[in-house]
file final_9.pdb (PDB, C-alpha atoms and all ligand atoms)
ATOM      1  CA  MET A   1      79.895-150.519 100.919
ATOM      2  CA  ASN A   2      83.281-151.164 102.424
ATOM      3  CA  LYS A   3      85.878-148.403 102.592
ATOM      4  CA  ASN A   4      88.634-150.611 103.946
ATOM      5  CA  ALA A   5      91.667-150.843 101.708
ATOM      6  CA  ILE A   6      92.655-153.535  99.254
ATOM      7  CA  GLY A   7      96.009-154.898 100.454
ATOM      8  CA  ILE A   8      98.731-155.679  97.921
ATOM      9  CA  PHE A   9     102.131-157.185  98.569
ATOM     10  CA  ASP A  10     105.142-158.203  96.549
ATOM     11  CA  SER A  11     108.769-159.051  97.209
ATOM     12  CA  GLY A  12     109.490-155.450  96.240
ATOM     13  CA  ILE A  13     108.424-152.894  93.678
ATOM     14  CA  GLY A  14     107.219-155.281  90.933
ATOM     15  CA  GLY A  15     103.688-155.520  92.320
ATOM     16  CA  THR A  16     103.204-151.855  91.464
ATOM     17  CA  SER A  17     102.569-153.105  87.909
ATOM     18  CA  ILE A  18      99.480-154.809  89.380
ATOM     19  CA  TRP A  19      98.602-151.809  91.574
ATOM     20  CA  LYS A  20      98.505-149.644  88.417
ATOM     21  CA  GLU A  21      95.893-151.966  86.855
ATOM     22  CA  ILE A  22      93.844-151.995  90.063
ATOM     23  CA  GLN A  23      93.925-148.226  90.303
ATOM     24  CA  LYS A  24      92.868-147.927  86.647
ATOM     25  CA  LEU A  25      89.891-150.281  86.955
ATOM     26  CA  LEU A  26      88.843-149.417  90.517
ATOM     27  CA  PRO A  27      89.835-145.771  91.019
ATOM     28  CA  ASN A  28      87.619-145.266  94.054
ATOM     29  CA  GLU A  29      89.127-148.132  96.065
ATOM     30  CA  ASN A  30      91.711-147.331  98.754
ATOM     31  CA  THR A  31      94.855-149.459  98.639
ATOM     32  CA  ILE A  32      97.737-150.316 100.946
ATOM     33  CA  TYR A  33     100.854-151.724  99.293
ATOM     34  CA  PHE A  34     103.754-153.431 100.963
ATOM     35  CA  GLY A  35     107.004-154.020  99.083
ATOM     36  CA  ASP A  36     109.342-156.394 100.899
ATOM     37  CA  SER A  37     112.402-155.125  99.007
ATOM     38  CA  LYS A  38     114.677-155.966 101.943
ATOM     39  CA  ASN A  39     114.033-159.660 101.267
ATOM     40  CA  ALA A  40     113.987-159.553  97.438
ATOM     41  CA  PRO A  41     114.466-161.596  95.384
ATOM     42  CA  TYR A  42     112.019-164.217  96.644
ATOM     43  CA  GLY A  43     112.652-166.279  93.527
ATOM     44  CA  GLU A  44     115.967-167.567  94.834
ATOM     45  CA  LYS A  45     114.560-168.630  98.248
ATOM     46  CA  SER A  46     113.182-171.984  99.361
ATOM     47  CA  SER A  47     109.462-172.642  99.261
ATOM     48  CA  LYS A  48     109.366-172.573 103.080
ATOM     49  CA  GLU A  49     111.071-169.169 103.244
ATOM     50  CA  ILE A  50     108.696-167.763 100.621
ATOM     51  CA  LEU A  51     105.728-169.085 102.616
ATOM     52  CA  ASN A  52     106.988-167.540 105.866
ATOM     53  CA  LEU A  53     107.557-164.149 104.256
ATOM     54  CA  SER A  54     104.098-164.301 102.629
ATOM     55  CA  ILE A  55     102.531-164.997 106.039
ATOM     56  CA  LYS A  56     104.394-162.054 107.564
ATOM     57  CA  ASN A  57     103.309-159.702 104.759
ATOM     58  CA  THR A  58      99.704-160.914 105.000
ATOM     59  CA  GLU A  59      99.587-160.266 108.736
ATOM     60  CA  LEU A  60     100.950-156.755 108.243
ATOM     61  CA  LEU A  61      98.180-155.951 105.743
ATOM     62  CA  ILE A  62      95.489-157.575 107.885
ATOM     63  CA  SER A  63      96.676-155.517 110.886
ATOM     64  CA  LYS A  64      96.019-152.436 108.746
ATOM     65  CA  GLY A  65      92.423-153.533 108.170
ATOM     66  CA  CYS A  66      92.634-154.715 104.564
ATOM     67  CA  LYS A  67      89.446-156.334 103.284
ATOM     68  CA  LEU A  68      91.091-158.408 100.550
ATOM     69  CA  ILE A  69      94.706-159.187  99.700
ATOM     70  CA  ILE A  70      96.304-159.363  96.284
ATOM     71  CA  VAL A  71      99.442-161.455  96.294
ATOM     72  CA  ALA A  72     101.039-159.388  93.532
ATOM     73  CA  CYS A  73     103.939-161.771  93.134
ATOM     74  CA  ASN A  74     103.960-164.959  91.071
ATOM     75  CA  THR A  75     106.613-166.496  93.304
ATOM     76  CA  ALA A  76     104.614-165.895  96.501
ATOM     77  CA  THR A  77     101.344-166.974  94.862
ATOM     78  CA  THR A  78     102.668-170.244  93.514
ATOM     79  CA  ASN A  79     104.311-171.116  96.842
ATOM     80  CA  ALA A  80     101.880-169.748  99.424
ATOM     81  CA  ILE A  81      98.384-168.961  98.206
ATOM     82  CA  ASP A  82      96.816-172.296  99.161
ATOM     83  CA  TYR A  83      98.080-171.868 102.720
ATOM     84  CA  LEU A  84      96.932-168.243 102.945
ATOM     85  CA  ARG A  85      93.443-169.079 101.672
ATOM     86  CA  LYS A  86      93.106-171.895 104.186
ATOM     87  CA  ASN A  87      94.353-169.922 107.171
ATOM     88  CA  TYR A  88      92.978-166.391 106.861
ATOM     89  CA  ASP A  89      89.411-165.348 106.694
ATOM     90  CA  ILE A  90      89.588-162.772 103.888
ATOM     91  CA  PRO A  91      89.689-163.272 100.113
ATOM     92  CA  PHE A  92      93.064-163.592  98.368
ATOM     93  CA  ILE A  93      93.736-162.920  94.707
ATOM     94  CA  GLY A  94      96.894-164.447  93.308
ATOM     95  CA  ILE A  95      98.877-164.089  90.140
ATOM     96  CA  GLU A  96     100.289-166.931  88.091
ATOM     97  CA  PRO A  97     102.028-167.088  84.718
ATOM     98  CA  ALA A  98      99.282-166.710  82.103
ATOM     99  CA  ILE A  99      99.779-169.971  80.255
ATOM    100  CA  LYS A 100      96.095-170.456  79.459
ATOM    101  CA  PRO A 101      95.684-167.135  77.600
ATOM    102  CA  ALA A 102      98.978-167.856  75.844
ATOM    103  CA  ALA A 103      97.713-171.263  74.715
ATOM    104  CA  LEU A 104      94.535-169.679  73.384
ATOM    105  CA  TYR A 105      96.633-167.211  71.411
ATOM    106  CA  SER A 106      99.470-169.390  70.148
ATOM    107  CA  LYS A 107      99.453-170.581  66.532
ATOM    108  CA  THR A 108     102.970-172.012  66.464
ATOM    109  CA  GLY A 109     102.227-174.109  69.565
ATOM    110  CA  SER A 110     105.409-172.822  71.149
ATOM    111  CA  ILE A 111     105.095-170.606  74.254
ATOM    112  CA  GLY A 112     107.906-168.860  76.130
ATOM    113  CA  VAL A 113     107.667-168.351  79.883
ATOM    114  CA  LEU A 114     110.074-166.032  81.690
ATOM    115  CA  ALA A 115     109.712-166.349  85.477
ATOM    116  CA  THR A 116     111.700-166.781  88.669
ATOM    117  CA  LYS A 117     113.201-170.060  89.781
ATOM    118  CA  GLY A 118     110.765-170.060  92.739
ATOM    119  CA  THR A 119     107.801-169.922  90.370
ATOM    120  CA  LEU A 120     109.061-172.401  87.794
ATOM    121  CA  THR A 121     109.934-174.994  90.426
ATOM    122  CA  SER A 122     106.647-174.640  92.359
ATOM    123  CA  LYS A 123     104.063-177.420  92.409
ATOM    124  CA  LEU A 124     101.310-175.061  91.304
ATOM    125  CA  PHE A 125     103.216-173.986  88.195
ATOM    126  CA  GLU A 126     104.135-177.565  87.390
ATOM    127  CA  GLN A 127     100.474-178.589  87.552
ATOM    128  CA  THR A 128      99.356-175.727  85.298
ATOM    129  CA  ALA A 129     102.144-176.292  82.798
ATOM    130  CA  GLN A 130     101.446-180.018  82.659
ATOM    131  CA  GLU A 131      97.890-179.430  81.487
ATOM    132  CA  TYR A 132      99.319-177.851  78.348
ATOM    133  CA  THR A 133     102.442-179.857  77.594
ATOM    134  CA  GLN A 134     100.600-182.413  75.475
ATOM    135  CA  ASN A 135      99.573-179.860  72.888
ATOM    136  CA  TYR A 136     102.096-177.075  73.369
ATOM    137  CA  LYS A 137     105.820-176.732  73.699
ATOM    138  CA  ILE A 138     106.487-174.613  76.803
ATOM    139  CA  ILE A 139     109.937-173.044  76.865
ATOM    140  CA  GLU A 140     110.680-172.147  80.483
ATOM    141  CA  GLN A 141     113.432-169.698  81.332
ATOM    142  CA  GLU A 142     114.534-168.486  84.758
ATOM    143  CA  GLY A 143     115.087-164.741  84.841
ATOM    144  CA  GLU A 144     117.923-164.979  87.327
ATOM    145  CA  GLY A 145     119.347-161.579  88.237
ATOM    146  CA  LEU A 146     116.579-159.470  86.671
ATOM    147  CA  VAL A 147     114.591-158.750  89.867
ATOM    148  CA  SER A 148     117.686-157.564  91.763
ATOM    149  CA  LEU A 149     118.660-155.209  88.939
ATOM    150  CA  ILE A 150     115.122-153.761  88.783
ATOM    151  CA  GLU A 151     115.056-153.357  92.578
ATOM    152  CA  ASN A 152     118.310-151.432  92.297
ATOM    153  CA  GLY A 153     116.877-149.042  89.729
ATOM    154  CA  LYS A 154     118.947-150.433  86.847
ATOM    155  CA  LEU A 155     116.045-150.733  84.419
ATOM    156  CA  ASN A 156     117.914-149.321  81.471
ATOM    157  CA  SER A 157     121.300-150.836  82.202
ATOM    158  CA  ASP A 158     123.499-152.877  79.884
ATOM    159  CA  GLU A 159     123.397-155.645  82.499
ATOM    160  CA  ILE A 160     119.627-155.975  82.032
ATOM    161  CA  LYS A 161     119.987-155.930  78.231
ATOM    162  CA  ASP A 162     122.684-158.604  78.323
ATOM    163  CA  LEU A 163     120.616-160.887  80.565
ATOM    164  CA  LEU A 164     117.505-160.438  78.427
ATOM    165  CA  ASN A 165     119.471-161.266  75.286
ATOM    166  CA  LEU A 166     120.839-164.363  76.952
ATOM    167  CA  TYR A 167     117.416-165.526  78.140
ATOM    168  CA  LEU A 168     115.234-164.567  75.186
ATOM    169  CA  LYS A 169     117.278-165.060  72.013
ATOM    170  CA  PRO A 170     117.137-168.880  72.270
ATOM    171  CA  MET A 171     113.340-168.672  72.509
ATOM    172  CA  ILE A 172     113.200-167.180  69.012
ATOM    173  CA  SER A 173     114.816-170.309  67.631
ATOM    174  CA  TYR A 174     112.082-172.369  69.325
ATOM    175  CA  ASN A 175     109.617-170.405  67.190
ATOM    176  CA  ILE A 176     107.610-168.972  70.096
ATOM    177  CA  ASP A 177     104.824-166.590  69.067
ATOM    178  CA  CYS A 178     104.109-165.394  72.608
ATOM    179  CA  LEU A 179     106.080-164.754  75.761
ATOM    180  CA  VAL A 180     104.428-165.016  79.159
ATOM    181  CA  LEU A 181     105.848-162.622  81.749
ATOM    182  CA  GLY A 182     105.650-164.743  84.886
ATOM    183  CA  CYS A 183     106.925-162.133  87.334
ATOM    184  CA  THR A 184     105.315-158.827  88.244
ATOM    185  CA  HIS A 185     108.639-157.012  87.962
ATOM    186  CA  TYR A 186     108.989-157.883  84.263
ATOM    187  CA  PRO A 187     106.321-155.594  82.733
ATOM    188  CA  TYR A 188     108.805-152.801  83.468
ATOM    189  CA  LEU A 189     111.123-154.473  80.932
ATOM    190  CA  ILE A 190     108.634-154.596  78.052
ATOM    191  CA  PRO A 191     110.409-151.942  75.917
ATOM    192  CA  GLN A 192     113.737-153.803  76.228
ATOM    193  CA  ILE A 193     112.043-157.173  75.587
ATOM    194  CA  LYS A 194     110.363-155.828  72.437
ATOM    195  CA  GLU A 195     113.721-154.677  71.136
ATOM    196  CA  ILE A 196     114.914-158.272  71.273
ATOM    197  CA  LEU A 197     111.763-160.133  70.228
ATOM    198  CA  GLY A 198     110.328-157.613  67.764
ATOM    199  CA  ASN A 199     106.649-156.894  67.397
ATOM    200  CA  SER A 200     105.472-160.233  66.019
ATOM    201  CA  ILE A 201     105.904-162.074  69.345
ATOM    202  CA  LYS A 202     103.086-161.169  71.707
ATOM    203  CA  ILE A 203     103.959-160.332  75.303
ATOM    204  CA  ILE A 204     101.388-161.572  77.786
ATOM    205  CA  ASP A 205     101.154-160.501  81.412
ATOM    206  CA  SER A 206      98.393-160.990  83.926
ATOM    207  CA  GLY A 207      97.914-157.496  85.387
ATOM    208  CA  GLU A 208      94.602-156.659  83.730
ATOM    209  CA  ALA A 209      93.167-160.119  84.453
ATOM    210  CA  VAL A 210      94.064-159.726  88.141
ATOM    211  CA  ALA A 211      92.264-156.376  88.294
ATOM    212  CA  LYS A 212      89.137-157.884  86.680
ATOM    213  CA  GLN A 213      89.218-160.835  89.047
ATOM    214  CA  THR A 214      89.579-158.467  92.021
ATOM    215  CA  ASN A 215      86.542-156.523  90.865
ATOM    216  CA  ALA A 216      84.528-159.733  90.493
ATOM    217  CA  ILE A 217      85.443-160.947  93.995
ATOM    218  CA  LEU A 218      84.692-157.562  95.579
ATOM    219  CA  GLU A 219      81.290-157.600  93.889
ATOM    220  CA  SER A 220      80.414-161.168  94.795
ATOM    221  CA  ARG A 221      81.399-160.632  98.460
ATOM    222  CA  ASN A 222      79.708-157.260  98.669
ATOM    223  CA  LEU A 223      83.012-155.598  99.518
ATOM    224  CA  LYS A 224      83.108-152.797  96.967
ATOM    225  CA  ASN A 225      83.731-149.232  98.024
ATOM    226  CA  ASP A 226      80.871-147.313  96.440
ATOM    227  CA  SER A 227      82.339-143.910  97.273
ATOM    228  CA  LEU A 228      82.384-141.542  94.307
ATOM    229  CA  GLU A 229      85.669-140.053  95.438
ATOM    230  CA  ASP A 230      89.074-141.217  94.261
ATOM    231  CA  GLY A 231      90.802-143.643  96.599
ATOM    232  CA  THR A 232      93.943-142.956  98.595
ATOM    233  CA  HIS A 233      96.995-145.153  98.326
ATOM    234  CA  THR A 234      99.666-145.861 100.922
ATOM    235  CA  PHE A 235     102.895-147.576  99.934
ATOM    236  CA  TYR A 236     105.142-149.107 102.589
ATOM    237  CA  ILE A 237     108.644-150.248 101.749
ATOM    238  CA  ASN A 238     111.356-151.640 104.010
ATOM    239  CA  THR A 239     114.356-150.235 102.096
ATOM    240  CA  LYS A 240     115.046-146.747 100.769
ATOM    241  CA  ALA A 241     112.014-145.558  98.811
ATOM    242  CA  GLU A 242     113.950-143.981  95.941
ATOM    243  CA  VAL A 243     113.315-146.588  93.233
ATOM    244  CA  LEU A 244     109.680-147.061  94.271
ATOM    245  CA  SER A 245     109.116-143.284  94.088
ATOM    246  CA  LYS A 246     110.634-143.181  90.620
ATOM    247  CA  ILE A 247     108.399-145.982  89.365
ATOM    248  CA  LEU A 248     105.311-144.187  90.692
ATOM    249  CA  GLU A 249     106.296-140.677  89.644
ATOM    250  CA  ASN A 250     103.865-140.429  86.730
ATOM    251  CA  THR A 251     100.737-141.464  88.580
ATOM    252  CA  SER A 252      98.026-138.903  89.084
ATOM    253  CA  ALA A 253      96.523-140.873  92.002
ATOM    254  CA  SER A 254      96.779-139.649  95.565
ATOM    255  CA  ILE A 255      99.705-141.627  96.980
ATOM    256  CA  SER A 256     101.921-141.537 100.035
ATOM    257  CA  ILE A 257     105.131-143.513 100.376
ATOM    258  CA  GLN A 258     106.569-144.516 103.721
ATOM    259  CA  GLU A 259     109.796-146.307 104.574
ATOM    260  CA  ILE A 260     109.213-148.760 107.402
ATOM    261  CA  GLU A 261     111.297-151.144 109.478
ATOM    262  CA  PHE A 262     109.729-154.514 108.939
TER     263      PHE A 262
HETATM  264  N1  LIG B 301     107.530-159.914  91.574
HETATM  265  C1  LIG B 301     107.929-161.246  91.966
HETATM  266  C2  LIG B 301     107.193-162.265  91.102
HETATM  267  O1  LIG B 301     106.182-161.943  90.515
HETATM  268  C3  LIG B 301     109.420-161.318  91.964
HETATM  269  C4  LIG B 301     109.929-162.444  92.770
HETATM  270  C5  LIG B 301     111.297-162.260  93.328
HETATM  271  O2  LIG B 301     111.439-161.448  94.234
HETATM  272  O3  LIG B 301     112.180-162.986  92.884
HETATM  273  O4  LIG B 301     107.565-163.401  91.007
END
call {"tool": "encode", "arguments": {"input": "final_9.pdb", "output": "structure tokens", "more": "lines below"}}
Ligand code: DGL
result
Amino acid sequence: MNKNAIGIFDSGIGGTSIWKEIQKLLPNENTIYFGDSKNAPYGEKSSKEILNLSIKNTELLISKGCKLIIVACNTATTNAIDYLRKNYDIPFIGIEPAIKPAALYSKTGSIGVLATKGTLTSKLFEQTAQEYTQNYKIIEQEGEGLVSLIENGKLNSDEIKDLLNLYLKPMISYNIDCLVLGCTHYPYLIPQIKEILGNSIKIIDSGEAVAKQTNAILESRNLKNDSLEDGTHTFYINTKAEVLSKILENTSASISIQEIEF
């Protein structure tokens, strides 16, 4: 029995899409979330910068006593998780574009991947993608500009629609039958994406798989919180909390949101 919190970080508010899955599957776990919105988007930074920010975020969560850390950001995972696992003595769960489930699903053999530049140019992504390129056509697309618009609360803006049209329409002509969302901010765009791709192209994201993996690691390390009470959830953000509050407004969980200088 371990009541310490699960730590979760992202470059901003996108990792809340992962937090929602964690809270659904493990309602009695306490969580501490850090959104580094001040430094978003990570996807446009160098690998070294992404690593340094990931180290800083990890140390913040460790200083708050977290028993496990979820790197709820594809860009940070693909650039930093090996380092974090080697250098800190707690378990880390990462998130990567779900190419394997997409390959299992695809009948046309053509898979779309929408992710940040930082993810698509990482060694880890390249290795994963290479395993599949013999049998599948992988259409990679950088989602440049999307994270900043989401961070600024412009989810339903024409700017978002225009960028999505620009990025996704060409994928239809490649005959993709599934689109992998390789960034934790993008699940918030699913309604807009469906308007462009229709219902016959499956949208795949990794949130549920991350929650299941977290549960498995907590169990195998004997770290689960066996309390029967619902967990409490603290969200730290280093910009104004307005957009984060909006994105969490429908949750019934017990949350507190704090703006911090960090
Ligand atoms: N949520 C991050 C991800 O999954 C966004 C990265 C960024 O800030 O560009 O990749």
call {"tool": "closest_residue", "arguments": {"input": "final_9.pdb", "among": "A:Leu25, A:Ile172, A:Ala103, A:Ile150", "to": "ligand LIG 301 (chain B)", "atoms": "only C-alpha atoms and all ligand atoms"}}
result
A:Ile150
call {"tool": "axis_aligned_box", "arguments": {"input": "final_9.pdb", "around": "ligand LIG 301 (chain B)", "padding_each_side": "6 Å", "output": "JSON"}}
result
{"center_x": 109.2, "center_y": -161.7, "center_z": 92.4, "size_x": 18.0, "size_y": 15.5, "size_z": 15.7}
call {"tool": "residues_near_ligand", "arguments": {"input": "final_9.pdb", "ligand": "ligand LIG 301 (chain B)", "cutoff": "6 Å", "atoms": "only C-alpha atoms and all ligand atoms", "output": "PyMOL selection string"}}
result
chain A and resi 10-11+14-15+40-43+73-75+116+147+183-185
call {"tool": "resolve_selection", "arguments": {"input": "final_9.pdb", "expression": "the PyMOL selection byres (((chain A and resi 178) around 8) and not hetatm)", "output": "PDB file with C-alpha atoms, in the frame of the given file"}}
result
ATOM      1  CA  ALA A 102      98.978-167.856  75.844  1.00  0.00           C
ATOM      2  CA  TYR A 105      96.633-167.211  71.411  1.00  0.00           C
ATOM      3  CA  SER A 106      99.470-169.390  70.148  1.00  0.00           C
ATOM      4  CA  SER A 110     105.409-172.822  71.149  1.00  0.00           C
ATOM      5  CA  ILE A 111     105.095-170.606  74.254  1.00  0.00           C
ATOM      6  CA  GLY A 112     107.906-168.860  76.130  1.00  0.00           C
ATOM      7  CA  ILE A 176     107.610-168.972  70.096  1.00  0.00           C
ATOM      8  CA  ASP A 177     104.824-166.590  69.067  1.00  0.00           C
ATOM      9  CA  LEU A 179     106.080-164.754  75.761  1.00  0.00           C
ATOM     10  CA  VAL A 180     104.428-165.016  79.159  1.00  0.00           C
ATOM     11  CA  ILE A 201     105.904-162.074  69.345  1.00  0.00           C
ATOM     12  CA  LYS A 202     103.086-161.169  71.707  1.00  0.00           C
ATOM     13  CA  ILE A 203     103.959-160.332  75.303  1.00  0.00           C
ATOM     14  CA  ILE A 204     101.388-161.572  77.786  1.00  0.00           C
TER      15      ILE A 204
END
call {"tool": "closest_atom_pairs", "arguments": {"input": "final_9.pdb", "of": "segment 10-112 of chain A", "to": "segment 206-226 of chain A", "cutoff": "12 Å", "atoms": "only C-alpha atoms", "output": "CSV"}}
result
residue,atom,partner,partner_atom,distance
A:Gly14,CA,A:Gly207,CA,11.1
A:Gly15,CA,A:Gly207,CA,9.2
A:Thr16,CA,A:Gly207,CA,9.8
A:Ser17,CA,A:Gly207,CA,6.9
A:Ile18,CA,A:Gly207,CA,5.1
A:Trp19,CA,A:Gly207,CA,8.4
A:Lys20,CA,A:Gly207,CA,8.4
A:Glu21,CA,A:Glu208,CA,5.8
A:Ile22,CA,A:Ala211,CA,5.0
A:Gln23,CA,A:Ala211,CA,8.6
A:Lys24,CA,A:Ala211,CA,8.6
A:Leu25,CA,A:Ala211,CA,6.7
A:Leu26,CA,A:Asn215,CA,7.5
A:Pro27,CA,A:Asn225,CA,9.9
A:Asn28,CA,A:Asn225,CA,6.8
A:Glu29,CA,A:Asn225,CA,5.8
A:Asn30,CA,A:Asn225,CA,8.2
A:Thr31,CA,A:Asn225,CA,11.1
A:Cys66,CA,A:Leu223,CA,10.9
A:Lys67,CA,A:Leu223,CA,7.5
A:Leu68,CA,A:Leu218,CA,8.1
A:Ile69,CA,A:Thr214,CA,9.3
A:Ile70,CA,A:Thr214,CA,8.0
A:Val71,CA,A:Val210,CA,9.9
A:Ala72,CA,A:Val210,CA,8.8
A:Cys73,CA,A:Gly207,CA,10.7
A:Asn74,CA,A:Ser206,CA,9.9
A:Ile90,CA,A:Arg221,CA,10.1
A:Pro91,CA,A:Ile217,CA,7.8
A:Phe92,CA,A:Thr214,CA,8.9
A:Ile93,CA,A:Thr214,CA,6.7
A:Gly94,CA,A:Val210,CA,7.5
A:Ile95,CA,A:Val210,CA,6.8
A:Glu96,CA,A:Ser206,CA,7.5
A:Pro97,CA,A:Ser206,CA,7.1
A:Ala98,CA,A:Ser206,CA,6.1
A:Ile99,CA,A:Ser206,CA,9.8
A:Lys100,CA,A:Ser206,CA,10.7
A:Pro101,CA,A:Ser206,CA,9.2
A:Ala102,CA,A:Ser206,CA,10.6
call {"tool": "closest_residue", "arguments": {"input": "final_9.pdb", "among": "A:Thr128, A:Val243, A:Glu195, A:Ile237", "to": "Lys154 of chain A", "atoms": "all atoms listed in the file"}}
result
A:Val243
call {"tool": "atom_distance", "arguments": {"input": "final_9.pdb", "atom1": "atom CA of Glu229 of chain A", "atom2": "atom CA of Ser245 of chain A"}}
result
23.7 Å
call {"tool": "closest_residue", "arguments": {"input": "final_9.pdb", "among": "A:Pro191, A:Lys240, A:Asp82, A:Ile8", "to": "Ile32 of chain A", "atoms": "all atoms listed in the file"}}
result
A:Ile8
call {"tool": "atom_distance", "arguments": {"input": "final_9.pdb", "atom1": "atom CA of Glu261 of chain A", "atom2": "atom CA of Tyr88 of chain A"}}
result
24.0 Å
